[in-house]
file protein32.tsv (TSV, C-alpha atoms)
chain	number	residue	atom	x	y	z
A	259	MET	CA	0.79	-24.16	1.28
A	260	ARG	CA	0.52	-23.53	4.99
A	261	LEU	CA	-1.59	-20.79	6.54
A	262	LYS	CA	-0.87	-21.35	10.24
A	263	ALA	CA	2.55	-21.04	11.80
A	264	LYS	CA	4.00	-23.79	13.98
A	265	LEU	CA	4.29	-21.60	17.07
A	266	SER	CA	1.06	-20.01	18.26
A	267	TRP	CA	2.86	-17.08	19.92
A	268	LEU	CA	4.67	-16.28	16.66
A	269	PRO	CA	1.89	-16.19	14.04
A	270	THR	CA	3.92	-14.43	11.34
A	271	PRO	CA	7.63	-15.22	11.77
A	272	PHE	CA	8.89	-13.12	8.87
A	273	ARG	CA	6.89	-10.06	9.80
A	274	SER	CA	8.35	-10.36	13.31
A	275	LEU	CA	11.85	-10.56	11.87
A	276	LEU	CA	11.11	-7.49	9.72
A	277	LEU	CA	9.86	-5.53	12.75
A	278	PHE	CA	12.95	-6.53	14.72
A	279	VAL	CA	15.31	-5.36	11.97
A	280	VAL	CA	13.34	-2.15	11.30
A	281	TRP	CA	13.43	-1.18	14.98
A	282	LEU	CA	17.19	-1.68	15.13
A	283	LEU	CA	17.69	0.25	11.86
A	284	LEU	CA	15.50	3.09	13.08
A	285	ASN	CA	17.63	3.50	16.19
A	286	ASN	CA	20.86	2.66	14.36
A	287	SER	CA	22.17	0.70	17.33
A	288	ILE	CA	22.58	-2.85	18.57
A	289	SER	CA	22.83	-2.15	22.28
A	290	VAL	CA	21.28	-4.65	24.68
A	291	GLY	CA	18.40	-2.37	25.59
A	292	HIS	CA	17.33	-1.92	21.98
A	293	LEU	CA	17.71	-5.65	21.30
A	294	ILE	CA	15.33	-6.46	24.17
A	295	LEU	CA	12.86	-3.74	23.15
A	296	ALA	CA	12.99	-4.93	19.52
A	297	THR	CA	12.26	-8.52	20.60
A	298	ILE	CA	9.29	-7.43	22.72
A	299	LEU	CA	7.86	-5.31	19.87
A	300	ALA	CA	8.49	-8.04	17.29
A	301	ILE	CA	6.47	-10.52	19.34
A	302	LEU	CA	3.74	-8.21	20.64
A	303	ILE	CA	2.76	-6.29	17.49
A	304	PRO	CA	2.00	-9.36	15.31
A	305	LEU	CA	0.09	-10.95	18.21
A	306	LEU	CA	-2.08	-7.85	18.55
A	307	THR	CA	-2.66	-7.27	14.84
A	308	PHE	CA	-2.78	-10.63	13.07
A	309	ARG	CA	-6.46	-11.12	13.82
A	310	PHE	CA	-7.30	-8.09	11.65
A	311	ARG	CA	-5.89	-9.71	8.54
A	312	GLU	CA	-6.90	-12.70	6.51
A	313	PRO	CA	-4.41	-15.53	7.02
A	314	GLN	CA	-1.89	-15.48	4.19
A	315	PRO	CA	0.39	-18.30	3.06
A	316	LEU	CA	3.72	-18.38	4.90
A	317	ILE	CA	7.13	-18.42	3.27
A	318	LEU	CA	8.16	-22.06	3.28
A	319	LYS	CA	11.45	-21.80	1.38
A	320	PRO	CA	13.45	-18.91	2.91
A	321	GLY	CA	16.60	-19.67	0.90
A	322	LEU	CA	14.72	-19.55	-2.38
A	323	ALA	CA	12.95	-16.37	-1.24
A	324	LEU	CA	16.30	-14.69	-0.65
A	325	ARG	CA	17.57	-15.79	-4.08
A	326	HIS	CA	14.41	-14.51	-5.75
A	327	PHE	CA	14.76	-11.19	-3.90
A	328	LEU	CA	18.34	-10.75	-5.17
A	329	LEU	CA	17.24	-11.65	-8.71
A	330	VAL	CA	14.47	-9.04	-8.53
A	331	LEU	CA	16.94	-6.42	-7.24
A	332	TYR	CA	19.25	-7.14	-10.17
A	333	ASP	CA	16.29	-6.95	-12.57
A	334	ILE	CA	15.19	-3.61	-11.08
A	335	VAL	CA	18.59	-2.08	-11.85
A	336	THR	CA	18.81	-3.41	-15.43
A	337	ALA	CA	15.15	-2.65	-16.20
A	338	ASN	CA	15.53	0.89	-14.90
A	339	VAL	CA	18.44	1.55	-17.24
A	340	GLN	CA	16.28	0.21	-20.11
A	341	VAL	CA	13.36	2.44	-19.13
A	342	ALA	CA	15.68	5.45	-18.83
A	343	ILE	CA	16.91	4.80	-22.41
A	344	LEU	CA	13.30	4.46	-23.62
A	345	ILE	CA	12.33	7.73	-21.93
A	346	LEU	CA	15.25	9.64	-23.40
A	347	GLY	CA	14.61	8.21	-26.88
A	348	SER	CA	11.88	9.33	-29.23
A	349	SER	CA	8.46	8.87	-27.66
A	350	LYS	CA	6.85	8.41	-31.09
A	351	LYS	CA	8.59	5.07	-31.58
A	352	LEU	CA	7.17	3.57	-28.38
A	353	ARG	CA	4.47	0.94	-28.71
A	354	PRO	CA	2.37	1.10	-25.51
A	355	ALA	CA	-0.11	-1.69	-24.84
A	356	PHE	CA	-2.36	-3.23	-22.23
A	357	VAL	CA	-1.72	-6.93	-21.69
A	358	LYS	CA	-3.73	-9.42	-19.68
A	359	VAL	CA	-1.64	-12.04	-17.88
A	360	PRO	CA	-3.48	-15.11	-16.56
A	361	LEU	CA	-2.44	-15.92	-12.98
A	362	ASP	CA	-1.90	-19.29	-11.34
A	363	LEU	CA	-1.61	-17.77	-7.86
A	364	SER	CA	-4.78	-17.39	-5.87
A	365	HIS	CA	-3.92	-15.74	-2.55
A	366	GLU	CA	-3.66	-12.01	-1.99
A	367	MET	CA	-0.15	-11.87	-0.57
A	368	PRO	CA	1.62	-13.68	-3.45
A	369	ILE	CA	-0.42	-11.73	-6.01
A	370	THR	CA	0.54	-8.45	-4.32
A	371	ILE	CA	4.21	-9.40	-4.41
A	372	LEU	CA	3.92	-10.39	-8.08
A	373	ALA	CA	2.14	-7.14	-8.99
A	374	SER	CA	4.78	-5.09	-7.17
A	375	THR	CA	7.68	-6.87	-8.88
A	376	VAL	CA	5.97	-6.40	-12.24
A	377	SER	CA	5.56	-2.68	-11.46
A	378	LEU	CA	9.22	-2.28	-10.55
A	379	THR	CA	10.70	-4.34	-13.38
A	380	PRO	CA	10.73	-4.47	-17.15
A	381	GLY	CA	8.91	-1.41	-18.50
A	382	THR	CA	5.55	-2.54	-17.14
A	383	VAL	CA	3.11	-1.25	-14.52
A	384	SER	CA	0.45	-3.52	-13.10
A	385	ALA	CA	-2.95	-1.89	-13.34
A	386	GLU	CA	-5.73	-4.14	-12.15
A	387	ILE	CA	-6.59	-7.64	-10.99
A	388	TYR	CA	-9.57	-9.22	-12.74
A	389	PRO	CA	-12.18	-10.21	-11.81
A	390	ILE	CA	-12.89	-7.30	-9.45
A	391	PRO	CA	-13.85	-8.73	-6.01
A	392	GLU	CA	-17.23	-6.95	-5.87
A	393	SER	CA	-18.35	-8.53	-9.12
A	394	ILE	CA	-17.69	-12.14	-8.07
A	395	THR	CA	-20.93	-13.98	-7.40
A	396	GLU	CA	-21.38	-16.53	-4.63
A	397	ASP	CA	-21.58	-19.67	-6.77
A	398	ASP	CA	-18.35	-18.90	-8.63
A	399	LYS	CA	-15.79	-19.30	-5.84
A	400	GLU	CA	-12.51	-19.80	-7.70
A	401	PRO	CA	-12.54	-17.78	-10.92
A	402	GLN	CA	-9.45	-17.56	-13.13
A	403	LYS	CA	-7.63	-14.37	-12.12
A	404	TYR	CA	-5.94	-12.00	-14.55
A	405	LEU	CA	-3.38	-9.27	-14.01
A	406	LEU	CA	-3.79	-6.30	-16.32
A	407	ILE	CA	-0.48	-4.61	-17.04
A	408	HIS	CA	0.49	-1.56	-19.05
A	409	VAL	CA	3.63	-1.98	-21.14
A	410	LEU	CA	5.69	1.01	-22.24
A	411	ASP	CA	7.19	-0.64	-25.31
A	412	LEU	CA	5.64	-3.95	-26.34
A	413	GLU	CA	7.57	-6.16	-28.72
A	414	ASP	CA	6.00	-9.59	-28.39
A	415	GLU	CA	2.98	-10.18	-26.19
A	416	GLU	CA	3.42	-13.96	-25.94
A	417	ALA	CA	7.08	-13.66	-24.98
A	418	LEU	CA	6.31	-11.04	-22.30
A	419	ILE	CA	3.58	-13.15	-20.70
A	420	LYS	CA	5.86	-16.20	-20.78
A	421	MET	CA	8.73	-14.20	-19.26
A	422	ILE	CA	6.60	-12.88	-16.39
A	423	LYS	CA	5.17	-16.32	-15.67
A	424	GLN	CA	8.52	-18.08	-15.73
A	425	ARG	CA	10.78	-15.50	-14.15
A	426	TYR	CA	8.55	-14.01	-11.46
A	427	GLU	CA	5.50	-16.20	-10.92
A	428	ALA	CA	7.07	-19.67	-10.85
A	429	PRO	CA	9.53	-18.86	-8.00
A	430	LEU	CA	6.68	-17.33	-5.97
A	431	LYS	CA	4.64	-20.50	-6.38
A	432	GLU	CA	7.65	-22.46	-5.21
A	433	ILE	CA	8.30	-20.17	-2.22
A	434	PHE	CA	4.73	-20.24	-0.93
A	435	GLN	CA	4.07	-23.81	-2.13
A	436	CYS	CA	0.65	-23.00	-3.57
B	158	MET	CA	38.01	31.00	-8.17
B	159	LEU	CA	36.21	29.17	-5.43
B	160	ASP	CA	38.12	26.42	-3.74
B	161	LEU	CA	35.72	23.50	-3.68
B	162	SER	CA	36.46	19.86	-3.05
B	163	LEU	CA	35.21	17.20	-5.45
B	164	LEU	CA	32.27	16.28	-3.23
B	165	ASP	CA	31.15	19.90	-2.81
B	166	THR	CA	31.13	20.39	-6.58
B	167	VAL	CA	29.20	17.18	-7.14
B	168	ILE	CA	26.66	18.12	-4.47
B	169	LEU	CA	26.06	21.46	-6.20
B	170	ILE	CA	25.58	19.71	-9.55
B	171	VAL	CA	23.13	17.19	-8.07
B	172	PHE	CA	21.28	20.02	-6.28
B	173	SER	CA	20.68	21.71	-9.62
B	174	MET	CA	19.64	18.40	-11.26
B	175	ILE	CA	17.01	17.80	-8.61
B	176	GLY	CA	15.99	21.45	-8.81
B	177	ILE	CA	15.34	21.10	-12.54
B	178	ALA	CA	13.45	17.87	-11.88
B	179	LEU	CA	11.26	19.69	-9.34
B	180	LEU	CA	10.55	22.47	-11.83
B	181	LEU	CA	9.57	19.88	-14.47
B	182	ASN	CA	7.22	18.26	-11.95
B	183	LEU	CA	5.77	21.66	-11.10
B	184	TRP	CA	5.11	22.28	-14.79
B	185	ARG	CA	3.23	18.98	-15.02
B	186	LEU	CA	1.34	19.88	-11.84
B	187	ILE	CA	0.22	23.15	-13.43
B	188	ILE	CA	-0.74	21.95	-16.90
B	189	GLY	CA	-2.39	18.70	-15.78
B	190	PRO	CA	-4.42	17.89	-17.90
B	191	SER	CA	-6.23	15.37	-15.68
B	192	VAL	CA	-6.44	14.96	-11.90
B	193	PRO	CA	-4.40	11.70	-11.76
B	194	ASP	CA	-1.63	13.52	-13.67
B	195	ARG	CA	-1.52	16.17	-10.97
B	196	ILE	CA	-1.43	13.58	-8.18
B	197	LEU	CA	1.42	11.79	-9.95
B	198	ALA	CA	3.34	15.06	-10.24
B	199	LEU	CA	2.78	15.81	-6.55
B	200	ASP	CA	3.92	12.31	-5.55
B	201	THR	CA	7.09	12.70	-7.60
B	202	MET	CA	7.70	16.09	-5.97
B	203	TYR	CA	7.48	14.46	-2.55
B	204	ILE	CA	10.10	11.87	-3.53
B	205	ASN	CA	12.39	14.51	-5.04
B	206	THR	CA	12.10	16.55	-1.86
B	207	ILE	CA	13.38	13.57	0.14
B	208	ALA	CA	16.43	13.47	-2.13
B	209	LEU	CA	16.90	17.21	-1.64
B	210	ILE	CA	16.80	16.92	2.15
B	211	ILE	CA	19.22	13.97	2.23
B	212	LEU	CA	21.57	15.92	-0.01
B	213	TYR	CA	21.34	18.96	2.26
B	214	GLY	CA	22.21	16.68	5.17
B	215	ILE	CA	25.35	15.54	3.33
B	216	GLN	CA	26.30	19.13	2.56
B	217	MET	CA	25.82	20.25	6.17
B	218	ASP	CA	27.53	17.06	7.37
B	219	THR	CA	24.75	16.17	9.80
B	220	ALA	CA	22.50	13.12	10.03
B	221	LEU	CA	19.76	15.16	11.72
B	222	TYR	CA	17.65	15.47	8.60
B	223	PHE	CA	17.14	11.73	8.29
B	224	GLU	CA	13.98	11.76	10.42
B	225	ALA	CA	12.52	14.60	8.38
B	226	ALA	CA	13.14	12.61	5.19
B	227	LEU	CA	11.49	9.52	6.65
B	228	LEU	CA	8.44	11.53	7.72
B	229	ILE	CA	8.08	13.13	4.28
B	230	ALA	CA	8.31	9.68	2.67
B	231	MET	CA	5.50	8.34	4.86
B	232	LEU	CA	3.26	11.40	4.54
B	233	GLY	CA	3.77	11.47	0.78
B	234	PHE	CA	2.74	7.86	0.38
B	235	VAL	CA	-0.29	8.14	2.65
B	236	SER	CA	-1.52	11.34	1.01
B	237	THR	CA	-1.14	9.90	-2.50
B	238	VAL	CA	-3.11	6.80	-1.56
B	239	ALA	CA	-5.75	8.88	0.24
B	240	VAL	CA	-6.32	11.20	-2.72
B	241	CYS	CA	-6.46	8.22	-5.13
B	242	LYS	CA	-8.96	6.50	-2.87
B	243	TYR	CA	-11.03	9.69	-2.87
B	244	LEU	CA	-10.96	9.77	-6.68
B	245	LEU	CA	-11.95	6.12	-6.88
B	246	ARG	CA	-14.78	6.02	-4.37
B	247	GLY	CA	-15.68	9.63	-3.52
B	248	ASP	CA	-14.79	8.81	0.09
B	249	ILE	CA	-11.57	8.13	1.97
B	250	ILE	CA	-12.69	5.98	4.88
B	251	GLU	CA	-15.76	3.94	4.12
C	169	MET	CA	40.05	9.82	-1.24
C	170	ILE	CA	38.43	6.72	-2.65
C	171	PHE	CA	35.19	7.04	-0.68
C	172	GLU	CA	34.70	10.60	-1.89
C	173	TRP	CA	34.83	9.36	-5.49
C	174	PHE	CA	32.40	6.56	-4.68
C	175	VAL	CA	29.90	8.93	-3.03
C	176	SER	CA	30.23	11.42	-5.90
C	177	VAL	CA	29.56	8.80	-8.58
C	178	LEU	CA	26.54	7.44	-6.69
C	179	LEU	CA	25.14	10.95	-6.18
C	180	LEU	CA	25.55	11.76	-9.88
C	181	ILE	CA	23.84	8.50	-10.91
C	182	GLY	CA	21.01	9.20	-8.48
C	183	GLY	CA	20.55	12.76	-9.66
C	184	ALA	CA	20.57	11.65	-13.29
C	185	PHE	CA	17.88	9.02	-12.69
C	186	ILE	CA	15.69	11.45	-10.73
C	187	LEU	CA	16.01	13.95	-13.58
C	188	ILE	CA	15.19	11.26	-16.17
C	189	GLY	CA	12.08	10.30	-14.18
C	190	SER	CA	10.85	13.89	-14.26
C	191	ILE	CA	11.69	14.24	-17.96
C	192	GLY	CA	9.59	11.12	-18.56
C	193	LEU	CA	6.79	12.71	-16.55
C	194	ASN	CA	6.87	15.70	-18.87
C	195	LYS	CA	7.43	14.42	-22.39
C	196	MET	CA	5.29	11.30	-22.57
C	197	PRO	CA	2.02	11.71	-24.51
C	198	ASP	CA	-0.51	10.04	-22.19
C	199	PHE	CA	-1.00	9.36	-18.49
C	200	PHE	CA	-0.26	5.64	-18.60
C	201	MET	CA	3.12	6.23	-20.20
C	202	ARG	CA	3.90	9.11	-17.86
C	203	LEU	CA	3.48	6.75	-14.92
C	204	HIS	CA	6.53	4.71	-15.97
C	205	GLY	CA	9.07	7.44	-15.32
C	206	PRO	CA	8.33	8.29	-11.68
C	207	THR	CA	7.57	4.74	-10.55
C	208	LYS	CA	10.82	3.27	-11.87
C	209	ALA	CA	13.56	5.77	-12.63
C	210	THR	CA	12.89	7.93	-9.57
C	211	THR	CA	12.89	4.93	-7.23
C	212	LEU	CA	16.29	3.78	-8.47
C	213	GLY	CA	17.62	7.33	-8.30
C	214	MET	CA	16.48	7.62	-4.70
C	215	ALA	CA	18.12	4.30	-3.86
C	216	ALA	CA	21.42	5.56	-5.31
C	217	VAL	CA	21.24	8.88	-3.39
C	218	LEU	CA	20.42	7.09	-0.13
C	219	ILE	CA	23.25	4.57	-0.56
C	220	ALA	CA	25.58	7.52	-1.16
C	221	ALA	CA	24.34	9.15	2.07
C	222	MET	CA	24.85	5.87	3.90
C	223	VAL	CA	28.45	5.53	2.72
C	224	TYR	CA	29.16	9.19	3.47
C	225	PHE	CA	27.83	9.13	7.03
C	226	SER	CA	29.52	5.78	7.72
C	227	PHE	CA	32.89	7.33	6.87
C	228	THR	CA	32.52	10.78	8.41
C	229	GLN	CA	30.70	10.08	11.68
C	230	ASN	CA	31.72	7.55	14.26
C	231	GLY	CA	30.06	4.17	13.84
C	232	ILE	CA	28.47	2.93	10.65
C	233	SER	CA	25.14	4.34	9.59
C	234	VAL	CA	22.61	1.97	8.07
C	235	LYS	CA	19.29	3.67	8.74
C	236	GLU	CA	19.18	5.23	5.28
C	237	ILE	CA	18.39	1.73	4.01
C	238	LEU	CA	15.04	2.14	5.76
C	239	ILE	CA	13.93	4.94	3.43
C	240	SER	CA	15.12	2.99	0.36
C	241	VAL	CA	13.16	-0.10	1.41
C	242	PHE	CA	10.12	2.02	2.25
C	243	LEU	CA	10.18	3.69	-1.17
C	244	LEU	CA	10.76	0.35	-2.89
C	245	ILE	CA	7.67	-1.08	-1.19
C	246	THR	CA	5.41	1.94	-1.60
C	247	ALA	CA	6.27	3.03	-5.17
C	248	PRO	CA	4.38	0.14	-6.87
C	249	ILE	CA	1.41	0.62	-4.56
C	250	SER	CA	0.98	4.33	-5.26
C	251	GLY	CA	1.49	3.55	-8.96
C	252	TYR	CA	-1.23	0.94	-8.75
C	253	MET	CA	-3.63	3.30	-7.00
C	254	LEU	CA	-2.94	6.03	-9.58
C	255	ILE	CA	-3.49	3.77	-12.59
C	256	LYS	CA	-6.68	2.42	-10.97
C	257	ALA	CA	-7.94	6.00	-10.54
C	258	ALA	CA	-7.00	6.77	-14.15
C	259	ILE	CA	-8.87	3.75	-15.48
C	260	HIS	CA	-11.86	4.62	-13.31
C	261	HIS	CA	-11.91	8.13	-14.76
C	262	LYS	CA	-11.55	6.64	-18.28
C	263	LEU	CA	-8.52	8.71	-19.23
C	264	GLU	CA	-7.69	8.48	-22.90
C	265	ALA	CA	-4.68	6.43	-23.85
C	266	LYS	CA	-2.45	7.45	-26.73
C	267	LYS	CA	-3.69	6.51	-30.19
C	268	GLY	CA	-2.32	3.15	-31.28
C	269	THR	CA	-2.24	1.66	-27.78
C	270	LYS	CA	-2.82	-2.03	-28.21
C	271	GLY	CA	-5.11	-4.17	-26.09
C	272	LEU	CA	-7.49	-1.42	-24.96
C	273	ASP	CA	-10.32	-3.96	-25.05
C	274	ASN	CA	-8.55	-5.79	-22.21
C	275	ILE	CA	-9.81	-3.09	-19.85
C	276	GLU	CA	-13.07	-4.12	-18.26
C	277	ASP	CA	-15.63	-1.69	-16.89
C	278	ASP	CA	-15.86	-1.45	-13.14
call {"tool": "encode", "arguments": {"input": "protein32.tsv", "output": "structure tokens"}}
result
Amino acid sequence: MRLKAKLSWLPTPFRSLLLFVVWLLLNNSISVGHLILATILAILIPLLTFRFREPQPLILKPGLALRHFLLVLYDIVTANVQVAILILGSSKKLRPAFVKVPLDLSHEMPITILASTVSLTPGTVSAEIYPIPESITEDDKEPQKYLLIHVLDLEDEEALIKMIKQRYEAPLKEIFQC
Amino acid sequence: MLDLSLLDTVILIVFSMIGIALLLNLWRLIIGPSVPDRILALDTMYINTIALIILYGIQMDTALYFEAALLIAMLGFVSTVAVCKYLLRGDIIE
Amino acid sequence: MIFEWFVSVLLLIGGAFILIGSIGLNKMPDFFMRLHGPTKATTLGMAAVLIAAMVYFSFTQNGISVKEILISVFLLITAPISGYMLIKAAIHHKLEAKKGTKGLDNIEDD
């Protein structure tokens, strides 16, 4: 895990890349003027704003991140078709449940990404992270974190927890190296 | 008999689909029963409106409505989060 | 025209998913189950409609048009967050889940 970037004038390389691409998309052009403006914005905005945030782990394996992103996209499409079938079917047959998934990740950014992927994929919505930050006492610095999720149709709790941990959490640990 | 191309027919069908979806959301907005239900219905209406505007842009063959759609998307998200925050804490900016 | 067929199919898929999301919003018995429709089905439906718009404008106007991707990405990022805020508000207000929901004791008081 690495919190600080190599270049001090580029504290968050991927956020800069995102800003660059978003500016070009917003103007729908790749003329020289917009390229220069996008570069200036992509360098200036992170420099001005990164002090407001807590330092988050950087992406250390970009190739793996891209592969994980494509896998999640594929999962979103298949899971949405499943959810659509569940919605159109009889709602009496559904077995809703709350499930607590223990987390190995500890930083906010990876947990946010995990919670969002869980929300968008297989019939689950993430509801809460335990323990709630306000209730953590000073002497207990690193408590075990849990993700509370709501499942639309639960078949096997163990299998679901194992699936989330293997399919979505393990690649994130690899990408951020934490 | 109206002389419509394939795309025009499809756009009319999708218009009515989204219209029905909006009516369903409106029904949920009216009957509730709880406040989070109503916020959820309103949020879904925002998203459906974006679809409606994009579709209208296709029908009119102009890309002008893109900015309007983007603005509605942003306002919808911010208002949903603000109202949820208000429900959670009784205050929006602490 | 092949692109007309492509746009039509994408629009129909998008419309169908948006409609399914709203049906889910209406027929599910409790709030937590209602949340699943709009957060998932509607997001995919929007993505399909926006890709259709992208293809259409790329073919009809000069130059390709990619800015519709921006709205799709924005919705993809914000949908889980508004869902999370809503379910947090619902838990805070202690909304009743449907009878037979398993694991209710997993919810802690805040």
call {"tool": "atom_distance", "arguments": {"input": "protein32.tsv", "atom1": "CA of Leu430 (chain A)", "atom2": "CA of Arg273 (chain A)"}}
result
17.4 Å
call {"tool": "atom_distance", "arguments": {"input": "protein32.tsv", "atom1": "CA of Leu331 (chain A)", "atom2": "CA of Thr379 (chain A)"}}
result
9.0 Å
call {"tool": "interface_residues", "arguments": {"input": "protein32.tsv", "of": "chain C", "to": "chain A", "cutoff": "7 Å", "atoms": "all atoms listed in the file", "output": "PDB file with C-alpha atoms, in the coordinates of the input"}}
result
ATOM      1  CA  ILE C 188      15.190  11.260 -16.170  1.00  0.00           C
ATOM      2  CA  GLY C 192       9.590  11.120 -18.560  1.00  0.00           C
ATOM      3  CA  MET C 196       5.290  11.300 -22.570  1.00  0.00           C
ATOM      4  CA  MET C 201       3.120   6.230 -20.200  1.00  0.00           C
ATOM      5  CA  LYS C 208      10.820   3.270 -11.870  1.00  0.00           C
ATOM      6  CA  ALA C 209      13.560   5.770 -12.630  1.00  0.00           C
ATOM      7  CA  SER C 233      25.140   4.340   9.590  1.00  0.00           C
ATOM      8  CA  VAL C 234      22.610   1.970   8.070  1.00  0.00           C
ATOM      9  CA  LYS C 235      19.290   3.670   8.740  1.00  0.00           C
ATOM     10  CA  LEU C 238      15.040   2.140   5.760  1.00  0.00           C
ATOM     11  CA  PRO C 248       4.380   0.140  -6.870  1.00  0.00           C
ATOM     12  CA  TYR C 252      -1.230   0.940  -8.750  1.00  0.00           C
ATOM     13  CA  ILE C 255      -3.490   3.770 -12.590  1.00  0.00           C
ATOM     14  CA  LYS C 256      -6.680   2.420 -10.970  1.00  0.00           C
ATOM     15  CA  THR C 269      -2.240   1.660 -27.780  1.00  0.00           C
ATOM     16  CA  LYS C 270      -2.820  -2.030 -28.210  1.00  0.00           C
ATOM     17  CA  GLY C 271      -5.110  -4.170 -26.090  1.00  0.00           C
ATOM     18  CA  LEU C 272      -7.490  -1.420 -24.960  1.00  0.00           C
ATOM     19  CA  ASN C 274      -8.550  -5.790 -22.210  1.00  0.00           C
TER      20      ASN C 274
END
call {"tool": "interface_residues", "arguments": {"input": "protein32.tsv", "of": "chain B", "to": "chain C", "cutoff": "9 Å", "atoms": "only C-alpha atoms", "output": "MDAnalysis selection string"}}
result
chainID B and resid 163:164 167:168 170:182 184:185 191:194 196:198 200:201 204:205 207:208 211:212 214:215 218:220 223 226:227 230:231 234:235 237:238 241:242 244:245
call {"tool": "write_last_selection", "arguments": {"input": "protein32.tsv", "atoms": "C-alpha atoms", "output": "short mmCIF file (atom, residue, chain, number, x, y, z; two decimals), in the coordinates of the input"}}
result
data_model
loop_
_atom_site.label_atom_id
_atom_site.label_comp_id
_atom_site.auth_asym_id
_atom_site.auth_seq_id
_atom_site.Cartn_x
_atom_site.Cartn_y
_atom_site.Cartn_z
CA LEU B 163 35.21 17.20 -5.45
CA LEU B 164 32.27 16.28 -3.23
CA VAL B 167 29.20 17.18 -7.14
CA ILE B 168 26.66 18.12 -4.47
CA ILE B 170 25.58 19.71 -9.55
CA VAL B 171 23.13 17.19 -8.07
CA PHE B 172 21.28 20.02 -6.28
CA SER B 173 20.68 21.71 -9.62
CA MET B 174 19.64 18.40 -11.26
CA ILE B 175 17.01 17.80 -8.61
CA GLY B 176 15.99 21.45 -8.81
CA ILE B 177 15.34 21.10 -12.54
CA ALA B 178 13.45 17.87 -11.88
CA LEU B 179 11.26 19.69 -9.34
CA LEU B 180 10.55 22.47 -11.83
CA LEU B 181 9.57 19.88 -14.47
CA ASN B 182 7.22 18.26 -11.95
CA TRP B 184 5.11 22.28 -14.79
CA ARG B 185 3.23 18.98 -15.02
CA SER B 191 -6.23 15.37 -15.68
CA VAL B 192 -6.44 14.96 -11.90
CA PRO B 193 -4.40 11.70 -11.76
CA ASP B 194 -1.63 13.52 -13.67
CA ILE B 196 -1.43 13.58 -8.18
CA LEU B 197 1.42 11.79 -9.95
CA ALA B 198 3.34 15.06 -10.24
CA ASP B 200 3.92 12.31 -5.55
CA THR B 201 7.09 12.70 -7.60
CA ILE B 204 10.10 11.87 -3.53
CA ASN B 205 12.39 14.51 -5.04
CA ILE B 207 13.38 13.57 0.14
CA ALA B 208 16.43 13.47 -2.13
CA ILE B 211 19.22 13.97 2.23
CA LEU B 212 21.57 15.92 -0.01
CA GLY B 214 22.21 16.68 5.17
CA ILE B 215 25.35 15.54 3.33
CA ASP B 218 27.53 17.06 7.37
CA THR B 219 24.75 16.17 9.80
CA ALA B 220 22.50 13.12 10.03
CA PHE B 223 17.14 11.73 8.29
CA ALA B 226 13.14 12.61 5.19
CA LEU B 227 11.49 9.52 6.65
CA ALA B 230 8.31 9.68 2.67
CA MET B 231 5.50 8.34 4.86
CA PHE B 234 2.74 7.86 0.38
CA VAL B 235 -0.29 8.14 2.65
CA THR B 237 -1.14 9.90 -2.50
CA VAL B 238 -3.11 6.80 -1.56
CA CYS B 241 -6.46 8.22 -5.13
CA LYS B 242 -8.96 6.50 -2.87
CA LEU B 244 -10.96 9.77 -6.68
CA LEU B 245 -11.95 6.12 -6.88
#
call {"tool": "residues_around", "arguments": {"input": "protein32.tsv", "residues": "region 364-369 of chain A", "least_positions_apart": "5", "cutoff": "12 Å", "atoms": "only C-alpha atoms", "output": "NGL selection string"}}
result
:A and (259-261 or 311-317 or 323 or 359 or 374-376 or 384 or 386-389 or 391 or 399-405 or 426-436)
call {"tool": "atom_distance", "arguments": {"input": "protein32.tsv", "atom1": "CA of Arg195 (chain B)", "atom2": "CA of Thr336 (chain A)"}}
result
28.6 Å
call {"tool": "decode", "arguments": {"input": "protein32.tsv", "residues": "region 321-328 of chain A", "atoms": "N, CA and C atoms", "output": "mmCIF file, in the first residue's frame"}}
result
data_model
loop_
_atom_site.group_PDB
_atom_site.id
_atom_site.type_symbol
_atom_site.label_atom_id
_atom_site.label_comp_id
_atom_site.auth_asym_id
_atom_site.auth_seq_id
_atom_site.Cartn_x
_atom_site.Cartn_y
_atom_site.Cartn_z
ATOM 1 N N GLY A 321 -3.336 -2.348 -14.710
ATOM 2 C CA GLY A 321 -3.845 -3.380 -15.619
ATOM 3 C C GLY A 321 -4.919 -4.217 -14.959
ATOM 4 N N LEU A 322 -4.621 -4.625 -13.710
ATOM 5 C CA LEU A 322 -5.588 -5.424 -12.959
ATOM 6 C C LEU A 322 -6.854 -4.622 -12.678
ATOM 7 N N ALA A 323 -6.680 -3.313 -12.414
ATOM 8 C CA ALA A 323 -7.837 -2.448 -12.146
ATOM 9 C C ALA A 323 -8.752 -2.419 -13.356
ATOM 10 N N LEU A 324 -8.150 -2.310 -14.546
ATOM 11 C CA LEU A 324 -8.957 -2.273 -15.769
ATOM 12 C C LEU A 324 -9.711 -3.583 -15.955
ATOM 13 N N ARG A 325 -9.006 -4.718 -15.670
ATOM 14 C CA ARG A 325 -9.660 -6.021 -15.834
ATOM 15 C C ARG A 325 -10.819 -6.170 -14.854
ATOM 16 N N HIS A 326 -10.591 -5.715 -13.607
ATOM 17 C CA HIS A 326 -11.644 -5.793 -12.599
ATOM 18 C C HIS A 326 -12.840 -4.932 -13.002
ATOM 19 N N PHE A 327 -12.551 -3.755 -13.579
ATOM 20 C CA PHE A 327 -13.617 -2.848 -14.020
ATOM 21 C C PHE A 327 -14.476 -3.514 -15.102
ATOM 22 N N LEU A 328 -13.805 -4.184 -16.067
ATOM 23 C CA LEU A 328 -14.570 -4.853 -17.127
ATOM 24 C C LEU A 328 -15.400 -5.995 -16.560
#
